[in-house]
>>> print(open('upload.cif').read())   # mmCIF, C-alpha atoms and all ligand atoms
data_run
#
loop_
_atom_site.label_atom_id
_atom_site.label_comp_id
_atom_site.auth_asym_id
_atom_site.auth_seq_id
_atom_site.Cartn_x
_atom_site.Cartn_y
_atom_site.Cartn_z
CA MET L 720 140.72 124.92 41.76
CA LEU L 721 140.99 125.15 45.53
CA LEU L 722 137.65 123.40 45.85
CA LEU L 723 138.84 120.61 43.61
CA LEU L 724 141.94 120.15 45.71
CA LEU L 725 139.86 120.09 48.86
CA ALA L 726 137.53 117.48 47.41
CA PHE L 727 140.53 115.39 46.41
CA LEU L 728 142.07 115.57 49.89
CA MET L 729 138.77 114.67 51.50
CA GLY L 730 138.44 111.73 49.19
CA LEU L 731 141.92 110.60 50.14
CA ALA L 732 141.15 110.91 53.83
CA PHE L 733 137.98 108.92 53.33
CA VAL L 734 139.77 106.08 51.53
CA GLN L 735 142.38 106.03 54.29
CA PHE L 736 139.67 105.89 56.94
CA TYR L 737 137.80 103.17 55.08
CA ARG L 738 140.98 101.07 54.76
CA SER L 739 141.86 101.37 58.42
CA GLU L 740 138.29 100.51 59.46
CA LYS L 741 138.30 97.50 57.17
CA SER L 742 141.59 96.22 58.51
CA LEU L 743 140.03 96.03 61.99
CA SER L 744 137.70 93.27 60.89
CA ILE L 745 140.26 91.12 59.05
CA PRO L 746 140.05 87.75 60.82
CA TRP L 747 142.88 86.97 63.19
CA THR L 748 145.22 84.05 62.55
CA TRP L 749 146.21 82.17 65.66
CA ALA L 750 149.71 81.96 67.00
CA PRO L 751 150.91 78.37 67.69
CA ASP L 752 150.90 79.17 71.40
CA ASP L 753 147.14 79.90 71.33
CA ARG L 754 146.47 76.65 69.52
CA LEU L 755 148.44 74.68 72.07
CA PHE L 756 146.54 76.28 74.92
CA SER L 757 143.21 75.33 73.38
CA GLN L 758 144.27 71.70 73.09
CA ARG L 759 145.29 71.22 76.71
CA PRO L 760 142.86 70.96 79.60
CA LEU L 761 142.66 73.99 81.88
CA PRO L 762 144.91 73.77 84.93
CA PRO L 763 142.89 73.03 88.10
CA PRO L 764 141.82 76.24 89.86
CA LEU L 765 144.07 77.54 92.64
CA THR L 766 142.07 76.77 95.77
CA ASP L 767 143.60 79.55 97.80
CA THR L 768 142.24 82.20 95.45
CA PHE L 769 138.73 81.32 96.66
CA LEU L 770 137.11 82.78 99.76
CA ASP L 771 136.17 79.33 101.08
CA ASN L 772 139.82 78.32 101.39
CA GLY L 773 139.80 79.03 105.12
CA THR L 774 142.76 81.39 104.93
CA TYR L 775 140.62 84.49 104.43
CA VAL L 776 139.08 86.21 107.42
CA LEU L 777 135.83 87.89 106.39
CA PRO L 778 134.46 90.49 105.98
CA LEU L 779 136.44 92.03 103.18
CA LYS L 780 137.41 95.70 103.12
CA THR L 781 139.62 97.93 101.04
CA ARG L 782 143.14 99.10 101.66
CA GLY L 783 144.58 101.49 99.14
CA ARG L 784 144.19 99.89 95.74
CA ASP L 785 143.32 96.41 97.02
CA VAL L 786 140.38 94.48 98.38
CA VAL L 787 141.74 92.69 101.45
CA ASP L 788 140.52 90.46 104.26
CA GLN L 789 140.65 91.31 107.98
CA ASN L 790 144.36 90.35 108.09
CA GLY L 791 145.24 92.48 105.12
CA LYS L 792 145.54 89.53 102.75
CA ARG L 793 144.59 90.56 99.26
CA PHE L 794 141.51 89.04 97.68
CA ARG L 795 141.76 89.72 93.98
CA LEU L 796 138.40 89.85 92.23
CA SER L 797 138.74 87.43 89.31
CA SER L 798 135.15 87.60 88.21
CA VAL L 799 132.85 86.65 85.39
CA ASN L 800 129.41 88.05 84.58
CA TRP L 801 126.45 85.66 84.56
CA TYR L 802 123.56 87.52 83.00
CA GLY L 803 119.89 86.94 82.36
CA ALA L 804 118.04 88.32 85.39
CA SER L 805 118.33 91.83 83.94
CA ASP L 806 116.95 90.75 80.56
CA GLU L 807 113.44 90.25 79.20
CA LEU L 808 112.85 86.84 80.77
CA PHE L 809 114.04 87.79 84.30
CA VAL L 810 116.01 84.55 84.71
CA PRO L 811 119.79 83.93 84.87
CA GLY L 812 120.83 82.07 81.70
CA GLY L 813 121.37 78.33 81.56
CA LEU L 814 118.93 77.17 84.22
CA ASP L 815 117.07 75.35 81.44
CA ILE L 816 120.26 73.45 80.52
CA GLN L 817 122.02 72.69 83.81
CA HIS L 818 121.32 72.66 87.50
CA ARG L 819 122.61 75.89 89.08
CA ASP L 820 125.09 73.88 91.17
CA VAL L 821 126.63 72.57 87.94
CA ILE L 822 126.90 76.10 86.53
CA ALA L 823 128.62 77.17 89.77
CA GLN L 824 131.11 74.32 89.37
CA THR L 825 131.71 75.34 85.74
CA ILE L 826 132.58 78.86 86.89
CA ARG L 827 134.88 77.50 89.58
CA ALA L 828 136.60 75.16 87.13
CA LEU L 829 137.35 78.14 84.89
CA GLY L 830 139.15 79.69 87.86
CA PHE L 831 136.81 82.61 88.56
CA ASN L 832 136.46 83.29 92.28
CA SER L 833 133.59 85.74 92.00
CA VAL L 834 130.55 86.52 89.87
CA ARG L 835 128.77 89.73 88.92
CA MET L 836 125.02 89.06 88.92
CA PRO L 837 122.98 91.73 87.13
CA TYR L 838 119.29 92.42 87.81
CA ALA L 839 116.80 94.89 86.38
CA ASP L 840 114.60 97.13 88.51
CA GLU L 841 111.65 95.82 86.53
CA MET L 842 112.42 92.32 87.82
CA VAL L 843 112.04 93.59 91.38
CA MET L 844 108.89 95.59 90.59
CA LEU L 845 107.03 92.80 88.80
CA ASN L 846 108.71 89.80 90.41
CA PRO L 847 106.80 87.50 88.04
CA GLU L 848 106.48 83.76 88.26
CA VAL L 849 109.18 82.53 85.88
CA MET L 850 108.24 80.54 82.81
CA PRO L 851 108.72 76.84 83.64
CA HIS L 852 110.74 76.00 80.53
CA LEU L 853 113.42 78.52 81.57
CA VAL L 854 114.26 76.58 84.71
CA SER L 855 113.60 73.06 83.45
CA ALA L 856 116.99 71.78 84.66
CA ASN L 857 116.15 73.11 88.14
CA PRO L 858 112.80 71.45 88.89
CA ASP L 859 112.64 72.90 92.41
CA LEU L 860 112.48 76.38 90.88
CA VAL L 861 109.44 75.69 88.70
CA GLY L 862 106.60 77.92 89.89
CA LYS L 863 108.96 80.24 91.75
CA ARG L 864 109.15 83.98 91.26
CA ALA L 865 112.01 85.85 89.66
CA LEU L 866 113.53 87.09 92.93
CA ASP L 867 113.50 83.57 94.36
CA VAL L 868 115.24 82.23 91.26
CA PHE L 869 117.78 85.03 91.47
CA GLN L 870 118.40 84.24 95.14
CA ALA L 871 118.71 80.49 94.46
CA SER L 872 121.26 81.17 91.73
CA VAL L 873 123.32 83.43 93.98
CA GLU L 874 123.20 80.84 96.76
CA ALA L 875 124.36 78.09 94.39
CA LEU L 876 127.44 80.21 93.70
CA THR L 877 128.21 81.04 97.32
CA LYS L 878 127.68 77.41 98.31
CA ALA L 879 130.43 76.58 95.80
CA GLY L 880 132.75 79.09 97.48
CA ILE L 881 132.27 81.75 94.83
CA ALA L 882 131.83 85.35 95.98
CA VAL L 883 128.95 87.32 94.47
CA ILE L 884 128.59 90.99 93.64
CA VAL L 885 125.01 91.91 92.85
CA ASN L 886 124.62 94.50 90.09
CA ASN L 887 121.72 96.82 89.31
CA HIS L 888 122.04 96.68 85.56
CA ILE L 889 119.15 98.51 83.97
CA THR L 890 115.67 99.82 84.77
CA SER L 891 113.50 98.03 82.19
CA ALA L 892 114.46 94.41 81.72
CA THR L 893 116.31 94.25 78.43
CA TRP L 894 119.79 93.93 76.94
CA CYS L 895 121.87 96.82 78.14
CA CYS L 896 122.44 99.38 76.65
CA GLY L 897 120.50 100.82 73.84
CA ALA L 898 120.02 104.53 73.30
CA ASP L 899 116.84 104.64 75.42
CA PRO L 900 117.23 107.61 77.80
CA CYS L 901 114.83 105.86 80.22
CA ASP L 902 117.61 103.37 80.99
CA ALA L 903 120.53 105.78 80.91
CA GLY L 904 120.75 106.18 84.67
CA TRP L 905 119.46 105.18 88.09
CA ARG L 906 116.38 107.41 87.80
CA ASN L 907 114.22 108.55 84.93
CA ASP L 908 111.41 110.45 86.66
CA TYR L 909 112.71 113.75 85.27
CA LEU L 910 111.63 112.61 81.80
CA PRO L 911 108.08 113.15 80.48
CA LYS L 912 105.63 110.72 82.04
CA ALA L 913 104.53 109.09 78.81
CA MET L 914 108.06 108.45 77.66
CA CYS L 915 109.24 105.55 79.85
CA ARG L 916 107.58 102.16 80.06
CA VAL L 917 109.20 101.62 83.47
CA ARG L 918 109.56 104.75 85.56
CA GLN L 919 111.55 105.13 88.72
CA SER L 920 112.75 107.79 91.11
CA GLU L 921 116.04 107.74 92.97
CA GLU L 922 114.21 106.62 96.11
CA GLU L 923 112.57 103.72 94.27
CA TRP L 924 115.94 102.65 92.84
CA ILE L 925 117.30 102.49 96.40
CA GLU L 926 114.22 100.64 97.68
CA HIS L 927 114.67 98.00 94.96
CA TRP L 928 118.26 97.60 96.13
CA GLU L 929 117.06 97.05 99.70
CA ILE L 930 114.52 94.45 98.58
CA VAL L 931 117.21 92.50 96.72
CA MET L 932 119.98 92.73 99.32
CA GLU L 933 117.72 91.88 102.26
CA ARG L 934 117.79 88.31 100.98
CA PHE L 935 121.56 88.12 101.40
CA LEU L 936 122.00 89.65 104.86
CA ALA L 937 123.12 86.36 106.32
CA ASN L 938 125.31 85.28 103.39
CA PRO L 939 128.90 86.46 103.92
CA LEU L 940 129.95 85.44 100.39
CA VAL L 941 127.62 88.02 98.91
CA ILE L 942 130.35 90.60 99.25
CA GLY L 943 128.97 93.69 97.62
CA ALA L 944 126.64 95.79 95.53
CA ASP L 945 127.57 97.26 92.15
CA LEU L 946 125.14 100.17 92.32
CA ARG L 947 124.37 100.84 88.68
CA ASN L 948 125.62 99.68 85.31
CA GLU L 949 127.05 102.17 82.82
CA VAL L 950 125.50 105.45 83.86
CA ARG L 951 125.53 107.64 80.79
CA GLY L 952 123.98 111.01 80.42
CA MET L 953 122.05 112.23 77.45
CA TRP L 954 122.79 115.93 77.15
CA GLY L 955 124.87 115.95 80.32
CA THR L 956 122.00 114.84 82.55
CA MET L 957 124.18 112.39 84.47
CA PRO L 958 127.44 114.16 85.30
CA TRP L 959 129.88 112.56 87.72
CA GLY L 960 129.00 114.79 90.68
CA LYS L 961 125.31 113.96 90.46
CA TRP L 962 126.04 110.27 90.17
CA ALA L 963 128.55 110.33 93.04
CA THR L 964 125.93 111.94 95.31
CA ALA L 965 123.28 109.37 94.36
CA ALA L 966 125.78 106.54 94.83
CA GLU L 967 126.64 107.79 98.32
CA LYS L 968 122.97 107.89 99.24
CA ALA L 969 122.28 104.35 98.01
CA GLY L 970 125.58 103.03 99.34
CA ASN L 971 124.95 104.41 102.81
CA ARG L 972 121.45 102.96 102.91
CA LEU L 973 122.86 99.52 102.08
CA LEU L 974 125.67 99.92 104.61
CA LYS L 975 122.98 100.60 107.23
CA MET L 976 121.61 97.14 106.48
CA ASN L 977 125.05 95.54 106.56
CA LYS L 978 128.20 97.55 107.14
CA ASP L 979 130.34 94.75 105.68
CA TRP L 980 129.26 95.07 102.06
CA LEU L 981 131.61 96.52 99.50
CA ILE L 982 129.93 99.33 97.60
CA ILE L 983 130.91 99.39 93.94
CA VAL L 984 130.53 102.63 92.00
CA GLY L 985 130.97 102.56 88.23
CA GLY L 986 132.26 105.36 86.06
CA THR L 987 130.08 107.63 83.93
CA GLU L 988 129.80 107.66 80.13
CA SER L 989 129.08 103.94 79.89
CA GLY L 990 131.41 103.06 82.73
CA ASN L 991 134.48 104.42 80.98
CA TYR L 992 135.31 107.46 83.05
CA LEU L 993 136.30 107.83 86.67
CA THR L 994 138.22 111.00 86.02
CA GLY L 995 135.83 112.98 88.24
CA ALA L 996 136.70 110.85 91.28
CA ARG L 997 140.01 112.66 91.59
CA LYS L 998 138.39 115.94 92.62
CA ARG L 999 135.08 114.57 93.77
CA PRO L 1000 135.68 111.14 95.39
CA VAL L 1001 132.76 109.05 96.62
CA VAL L 1002 132.77 109.10 100.44
CA LEU L 1003 130.69 106.57 102.36
CA ASP L 1004 129.60 106.49 106.01
CA VAL L 1005 131.69 103.35 106.60
CA GLU L 1006 135.40 103.54 105.91
CA ASP L 1007 137.20 101.16 103.54
CA ARG L 1008 134.12 99.91 101.69
CA LEU L 1009 134.36 101.77 98.37
CA VAL L 1010 135.41 100.02 95.18
CA TYR L 1011 135.20 101.84 91.87
CA SER L 1012 134.43 100.07 88.62
CA ALA L 1013 135.37 100.75 85.00
CA HIS L 1014 134.26 99.08 81.77
CA VAL L 1015 136.62 98.78 78.82
CA TYR L 1016 135.51 97.55 75.38
CA SER L 1017 137.16 97.71 71.96
CA TRP L 1018 134.73 100.37 70.78
CA SER L 1019 135.36 102.58 73.82
CA GLY L 1020 137.43 105.70 73.27
CA TRP L 1021 135.51 106.59 70.13
CA GLY L 1022 134.98 110.20 71.14
CA SER L 1023 138.70 110.95 71.32
CA LEU L 1024 141.22 112.08 68.74
CA GLU L 1025 143.21 108.86 68.96
CA GLY L 1026 140.11 106.82 68.26
CA ARG L 1027 138.67 103.59 69.53
CA TYR L 1028 140.74 101.13 71.56
CA SER L 1029 140.63 98.64 68.70
CA LYS L 1030 142.98 100.98 66.81
CA ARG L 1031 145.28 102.23 69.55
CA ASN L 1032 148.90 101.36 70.09
CA TYR L 1033 149.89 100.34 73.61
CA PRO L 1034 151.26 103.70 74.88
CA SER L 1035 148.15 105.53 73.70
CA PHE L 1036 145.90 102.87 75.23
CA VAL L 1037 147.70 103.00 78.59
CA LYS L 1038 147.50 106.77 78.63
CA SER L 1039 143.72 106.54 78.34
CA MET L 1040 143.46 103.87 81.03
CA ARG L 1041 145.49 106.02 83.44
CA ASN L 1042 143.55 109.13 82.66
CA ASN L 1043 140.15 107.42 82.83
CA TRP L 1044 140.46 105.18 85.89
CA ALA L 1045 143.82 103.50 86.49
CA TYR L 1046 145.36 106.48 88.29
CA LEU L 1047 143.27 105.36 91.27
CA VAL L 1048 145.07 102.00 91.26
CA GLU L 1049 148.54 103.17 90.31
CA GLN L 1050 148.50 105.89 92.96
CA ASP L 1051 147.11 103.46 95.55
CA ILE L 1052 143.98 105.58 96.12
CA ALA L 1053 141.19 103.01 95.73
CA PRO L 1054 140.49 99.66 94.09
CA VAL L 1055 139.06 99.72 90.58
CA TRP L 1056 137.33 96.58 89.41
CA VAL L 1057 137.27 96.35 85.60
CA GLY L 1058 133.80 94.84 85.88
CA GLU L 1059 133.13 94.47 82.15
CA PHE L 1060 135.33 93.83 79.15
CA GLY L 1061 135.29 91.08 76.56
CA ALA L 1062 135.95 89.92 73.03
CA PRO L 1063 134.50 87.42 70.57
CA ASP L 1064 135.65 83.87 69.87
CA LYS L 1065 136.44 84.74 66.24
CA PRO L 1066 138.04 88.13 66.59
CA GLY L 1067 139.13 90.59 63.94
CA GLN L 1068 142.49 92.37 64.05
CA GLY L 1069 140.91 95.26 65.94
CA ASP L 1070 139.49 92.99 68.66
CA VAL L 1071 142.84 91.30 69.13
CA ASN L 1072 144.69 94.59 69.25
CA TYR L 1073 142.32 95.86 71.96
CA TRP L 1074 142.42 92.61 73.88
CA THR L 1075 146.20 92.29 73.77
CA ASN L 1076 146.72 95.83 75.00
CA LEU L 1077 144.09 95.52 77.72
CA LEU L 1078 145.29 92.19 79.10
CA ARG L 1079 148.90 93.30 78.98
CA TYR L 1080 147.94 96.33 81.03
CA LEU L 1081 145.68 94.42 83.45
CA LYS L 1082 148.56 92.01 84.09
CA SER L 1083 151.00 94.86 84.60
CA ILE L 1084 148.86 96.41 87.36
CA ASP L 1085 147.59 93.05 88.65
CA ALA L 1086 144.02 94.25 88.24
CA ASP L 1087 140.69 93.18 89.68
CA PHE L 1088 138.50 92.17 86.78
CA GLY L 1089 135.13 90.80 85.61
CA TYR L 1090 134.79 89.30 82.14
CA TRP L 1091 131.58 89.80 80.14
CA ALA L 1092 130.30 87.10 79.99
CA LEU L 1093 129.91 83.40 80.71
CA ASN L 1094 126.61 82.88 78.84
CA PRO L 1095 126.65 81.01 75.50
CA ARG L 1096 123.29 82.52 74.50
CA LYS L 1097 121.48 85.81 74.87
CA PRO L 1098 118.07 85.38 76.50
CA LYS L 1099 116.12 87.17 73.79
CA ASP L 1100 115.64 84.91 70.76
CA ASN L 1101 118.33 82.56 72.11
CA GLU L 1102 120.90 84.34 69.97
CA VAL L 1103 124.48 82.96 70.02
CA GLU L 1104 126.80 84.94 72.34
CA SER L 1105 130.20 85.23 70.68
CA TYR L 1106 131.80 86.51 73.92
CA SER L 1107 130.89 83.29 75.76
CA LEU L 1108 133.38 81.18 77.68
CA VAL L 1109 131.36 77.97 77.63
CA LYS L 1110 129.64 75.90 74.98
CA ASP L 1111 125.88 75.40 74.88
CA ASP L 1112 126.07 72.68 77.53
CA TRP L 1113 127.23 75.27 80.12
CA ILE L 1114 130.07 72.89 81.05
CA THR L 1115 132.58 72.62 78.20
CA PRO L 1116 134.95 75.59 78.34
CA VAL L 1117 135.78 77.57 75.22
CA LEU L 1118 139.55 77.56 75.41
CA ASP L 1119 141.19 80.23 73.30
CA TYR L 1120 143.16 83.46 73.64
CA ARG L 1121 140.68 84.84 76.17
CA MET L 1122 140.88 82.04 78.72
CA ARG L 1123 144.63 81.79 78.12
CA ASP L 1124 145.17 85.41 79.10
CA MET L 1125 142.71 85.39 81.98
CA THR L 1126 144.21 82.17 83.34
CA GLU L 1127 147.61 83.86 83.35
CA LEU L 1128 146.14 86.91 85.06
CA ILE L 1129 144.38 84.81 87.72
CA ARG L 1130 147.51 82.82 88.46
CA GLN L 1131 150.01 85.63 88.65
CA ARG L 1132 151.12 86.48 92.17
CA ARG L 1133 151.96 89.88 93.50
CA THR L 1134 153.96 89.82 96.68
CA SER L 1135 153.85 92.88 98.89
CA SER L 1136 157.40 93.82 97.89
CA GLU L 1137 156.20 94.12 94.30
CA CYS L 1138 153.52 96.54 95.43
CA LEU L 1139 153.41 99.73 93.45
C1 LIG D 1201 143.72 76.31 100.68
O1 LIG D 1201 144.72 76.49 99.69
C2 LIG D 1201 145.89 75.74 99.90
C3 LIG D 1201 146.92 76.14 98.83
O2 LIG D 1201 146.41 75.93 97.53
C4 LIG D 1201 145.58 74.26 99.88
O3 LIG D 1201 146.74 73.50 100.14
C5 LIG D 1201 144.50 73.97 100.91
O4 LIG D 1201 144.13 72.61 100.81
C6 LIG D 1201 143.29 74.85 100.72
N1 LIG D 1201 142.31 74.63 101.79
C7 LIG D 1201 141.02 74.50 101.57
C8 LIG D 1201 140.16 74.28 102.77
O5 LIG D 1201 140.53 74.54 100.46
#
>>> encode(input="upload.cif", output="structure tokens")
Amino acid sequence: MLLLLLAFLMGLAFVQFYRSEKSLSIPWTWAPDDRLFSQRPLPPPLTDTFLDNGTYVLPLKTRGRDVVDQNGKRFRLSSVNWYGASDELFVPGGLDIQHRDVIAQTIRALGFNSVRMPYADEMVMLNPEVMPHLVSANPDLVGKRALDVFQASVEALTKAGIAVIVNNHITSATWCCGADPCDAGWRNDYLPKAMCRVRQSEEEWIEHWEIVMERFLANPLVIGADLRNEVRGMWGTMPWGKWATAAEKAGNRLLKMNKDWLIIVGGTESGNYLTGARKRPVVLDVEDRLVYSAHVYSWSGWGSLEGRYSKRNYPSFVKSMRNNWAYLVEQDIAPVWVGEFGAPDKPGQGDVNYWTNLLRYLKSIDADFGYWALNPRKPKDNEVESYSLVKDDWITPVLDYRMRDMTELIRQRRTSSECL
């Protein structure tokens, strides 16, 4: 009898769970406001949010929760990710469609003042000659090697007044992040030799960083290094303390090359958690250079009782943000750049719930952010990228709820009296 009752209750719970999961993927119906936004052209970008405006005195540094210039004027990172160099083909996306200068202008027209440029360690190790068809809209890059193409793409951005943060994304060049433990952190030499196609030690990881950043020593708009994407430990192999120590080592080596670079340190467990930084902060040899980074996606939060962010109400969502990373911002301890977040062009209810909560919160704290991603296609198999902000021509913007909210975020102004 008791067993029967138990089975019944479990069945009930299952149906409930199934219903709530299903409701997440019900397509969203647009509010009239969203439709209006998508019919109007984007407002022209605010020139004084860009580093080339002439009002910023470089180099940048940090002060409390903000990235500021030498006069203490805030430079808010309104960034977008431009991927490809960390994937199988070793080439930033779109160079077969448009000249890199055109892509830079596209990014500027969208209002982003900075770009996160991921690379893979394998790209540095092999540095292969890129396949000509991948750079066909950039004839001067045909026959060049991957690092040269990466450098040329970065320089196209900085020439257009866009700041660049270079990001070590993954060890073997592929879409990040599968379950492969070889790519779970900055080193994998503790794993059995036969296991990883691309092996690297901590020292090699740092050496790859030096090889990449050496090319940008004389480029003041290359403002920083995002040391490693989404460190996540299998079986607790990458706890915060271990990562913080490795990040200090790499950060200090880069600061020896150029003391002006910002050093960006992401959270553990796929970039979600900076909780450890409260007791064990990252401390670099140069003061005021440390920026933390957190990633927030709709499926994050899955390990917790309250569930994934796609399901959360706003108070529960904010509580997680504060606990995971935003205490650093709200308590004016250090800047946190939300270097990855994103949603698809045809979202379900769950996506919209996550997005609405996140953007509401980012606006409320006037956050530094980096949207994932610009690209309309994934490099492998040329698969359509539903998170994209441009159409296949790499020029026409996709104007919907995402650009509407980010445009509002970019254009909001925090005066010092409104400081937390
Ligand atoms: C800097 O921004 C201000 C305000 O938007 C604008 O009036 C000025 O022309 C800009 N200067 C440059 C060099 O872009």
>>> residues_near_ligand(input="upload.cif", ligand="ligand LIG 1201 (chain D)", cutoff="12 Å", atoms="all atoms listed in the file", output="ChimeraX atom specification")
/L:763-775,879-880,1130
>>> atom_distance(input="upload.cif", atom1="atom CA of L:Ile1052", atom2="atom CA of L:Arg784")
5.7 Å
>>> atom_distance(input="upload.cif", atom1="atom CA of L:Gln1131", atom2="atom CA of L:Val1010")
21.5 Å
>>> closest_residue(input="upload.cif", among="L:His888, L:Lys978, L:Arg793, L:Arg934", to="L:Gly1058", atoms="only C-alpha atoms")
L:His888
>>> atom_distance(input="upload.cif", atom1="atom CA of L:Pro958", atom2="atom CA of L:Met976")
27.8 Å
>>> residues_near_point(input="upload.cif", point="(146.1, 109.7, 78.6)", cutoff="12 Å", atoms="only C-alpha atoms", output="list in words")
Tyr992, Thr994, Gly1020, Ser1023, Leu1024, Glu1025, Arg1031, Tyr1033, Pro1034, Ser1035, Phe1036, Val1037, Lys1038, Ser1039, Met1040, Arg1041, Asn1042, Asn1043, Trp1044, Ala1045 and Tyr1046 of chain L
>>> closest_residue(input="upload.cif", among="L:Ala965, L:Ile1114, L:Ile925, L:Leu1128", to="L:Val821", atoms="all atoms listed in the file")
L:Ile1114
